[in-house]
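Participant: After the structure tokens below, expect a handful of questions from me.
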Amino acid sequence: MLGRPAAYSPDVSVELVTEHLCLRALTPDDLHDLHDRVFSDPDVTWDGTTGTLEDTRRSLEAKIRHVDEHGFGMMAVTDRQSGELYGFAGLQHMEGGPDVEIGYYLARRAWGRGLATELGHAFVDMAFGELKLTRIVAVVRPENTASQNVLAKLGFRRVGVEHHYGADVELWARSAGAG
């Protein structure tokens, strides 16, 4: 089954805690930190471009709306010790369709520390546990080898090249029980 399981009604205030991270619901209060650390850094954004604070606000509102509509979505990624916001990550419907994708956008200061893999394991567990999905996907730019390595560590396999979010990207997938 893909999408929102009928029996799933989460308390989005519940946090996921990993060894180094706390994953919590995104809130409007995250706007400025997300803009400064993620949306204004072309090395972090999906397409290498940056936007205005208003663009960030619209994106944040869409992520919060996804959680309200589907019961799951992107979450704030914070340092477990300091509470510093590193970015956001989670599961969402890919381009509004039936496939559910995993995604992660972390500020540079979080790179190279295994944090994407750590949070990825938590979301894979959620997808195949609480959400009872049978498959999840991810899209990655062909030049983003760091993200490809994270996906491989999480048990995803490259499926091929497809067009999503306005670009030709690699589609990766993982089925329940794989990995």
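Starting from 1 in every chain, residues are counted up; chains themselves are A, B, ... following the order of the structure tokens, and ligands are numbered from 1 as listed.
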Among stretch 46-76 of chain A, which ones does DSSP place in helix (DSSP H, G or I), written as a VMD selection string?
Facilitator: chain A and resid 53 to 70
Participant: Near A:Arg80, within 10 Å and counting only C-alpha atoms, which residues show up once chain neighbours fewer than 3 positions away are dropped, as a list in words?
Facilitator: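 Once the nearby chain positions are removed, what remains is Val17, Thr18, Glu19, His20, Leu21, Cys22, Leu23, Val77, Gly83, Glu84 and Leu85 of chain A.
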Participant: Please produce an output containing C-alpha atoms for each residue in the selection, written as a PDB file, in the first residue's frame.
Facilitator:
```
ATOM      1  CA  VAL A  17      14.865  10.836  18.783  1.00  0.00           C
ATOM      2  CA  THR A  18      18.005   9.242  17.362  1.00  0.00           C
ATOM      3  CA  GLU A  19      21.502   9.045  18.775  1.00  0.00           C
ATOM      4  CA  HIS A  20      22.430  12.599  17.739  1.00  0.00           C
ATOM      5  CA  LEU A  21      19.182  14.149  16.513  1.00  0.00           C
ATOM      6  CA  CYS A  22      15.711  15.185  17.551  1.00  0.00           C
ATOM      7  CA  LEU A  23      13.141  15.202  14.755  1.00  0.00           C
ATOM      8  CA  VAL A  77      15.997  18.178  12.200  1.00  0.00           C
ATOM      9  CA  GLY A  83      18.688  22.077  19.870  1.00  0.00           C
ATOM     10  CA  GLU A  84      20.269  23.794  16.857  1.00  0.00           C
ATOM     11  CA  LEU A  85      18.138  23.459  13.719  1.00  0.00           C
TER      12      LEU A  85
END
```
Participant: From the options A:Ala146, A:Leu53, A:Val137, A:Leu91, which residue's atoms come nearest to A:Gly71, counting only C-alpha atoms?
Facilitator: A:Leu91
Participant: List as a PDB file with C-alpha atoms, in the first residue's frame the protein and nucleic acid residues near stretch 148-157 of chain A, meaning an atom at most 6 Å away when only C-alpha atoms are counted, but skip any in the same chain fewer than 5 places from it.
Facilitator:
```pdb
ATOM      1  CA  THR A 117      22.023   8.209   7.279  1.00  0.00           C
ATOM      2  CA  TRP A 172      15.834   5.182  -6.137  1.00  0.00           C
ATOM      3  CA  ALA A 173      13.477   2.762  -4.378  1.00  0.00           C
ATOM      4  CA  ARG A 174      13.326   0.427  -1.435  1.00  0.00           C
ATOM      5  CA  GLY A 179      17.993  -3.546   2.754  1.00  0.00           C
TER       6      GLY A 179
END
```
Participant: So the first atom is atom CA of A:Arg24 and the second is atom CA of A:Gly90; what is the distance between them in Å, to one decimal place?
Facilitator: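 Separation between atom CA of A:Arg24 and atom CA of A:Gly90: 10.1 Å.
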Participant: Using only C-alpha atoms, which residue out of A:Gly87, A:Pro98, A:Gly166, A:Gly177 lies closest to A:Asp41?
Facilitator: A:Gly87
Participant: Compile the contact shell of A:His164 as an MDAnalysis selection string: residues with an atom at most 9 Å away, counting only C-alpha atoms, same-chain residues fewer than 5 positions apart removed.
Facilitator: chainID A and resid 94:95 139 169 171
Participant: Which residue is closest to A:Asn144? Choose from A:Val44, A:Ala127, A:Ile64, A:Leu31 and count only C-alpha atoms.
Facilitator: A:Val44
Participant: Per DSSP on the backbone, filter stretch 27-105 of chain A down to the residues in strand (DSSP E or B) and report them as an MDAnalysis selection string.
Facilitator: chainID A and resid 74:79 85:93 100:105
Participant: Please measure the separation of atom CA of A:Glu130 and atom CA of A:Ala62, giving the value in Å to one decimal.
Facilitator: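 Separation between atom CA of A:Glu130 and atom CA of A:Ala62: 22.8 Å.
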Participant: Which of these, A:Thr145, A:Gly120, A:Trp111, A:Gln92, has the shortest distance to A:Phe72 once you count only C-alpha atoms?
Facilitator: A:Gln92
Participant: Excluding A:Phe128 and residues on its chain fewer than 6 positions from it, collect all residues at most 10 Å away from it, counting only C-alpha atoms, and give them as a ChimeraX atom specification.
Facilitator: /A:134-136,175-177
Participant: What's around A:Thr45 at 10 Å? Count only C-alpha atoms, leave out sequence neighbours fewer than 5 positions away in its own chain, and write the answer as an MDAnalysis selection string.
Facilitator: chainID A and resid 38:40 50:51 105:107
Participant: Taking into account only C-alpha atoms, which residue in the set A:Gly114, A:Gly73, A:Pro142, A:Pro28 is nearest to A:Gly160?
Facilitator: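 Among the listed residues, A:Pro142 lies closest to A:Gly160.
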Participant: Of the candidates A:Glu143, A:Glu101, A:Asp68, A:Asp79, which shows the shortest atom-to-atom distance to A:Arg113, using only C-alpha atoms?
Facilitator: A:Asp79
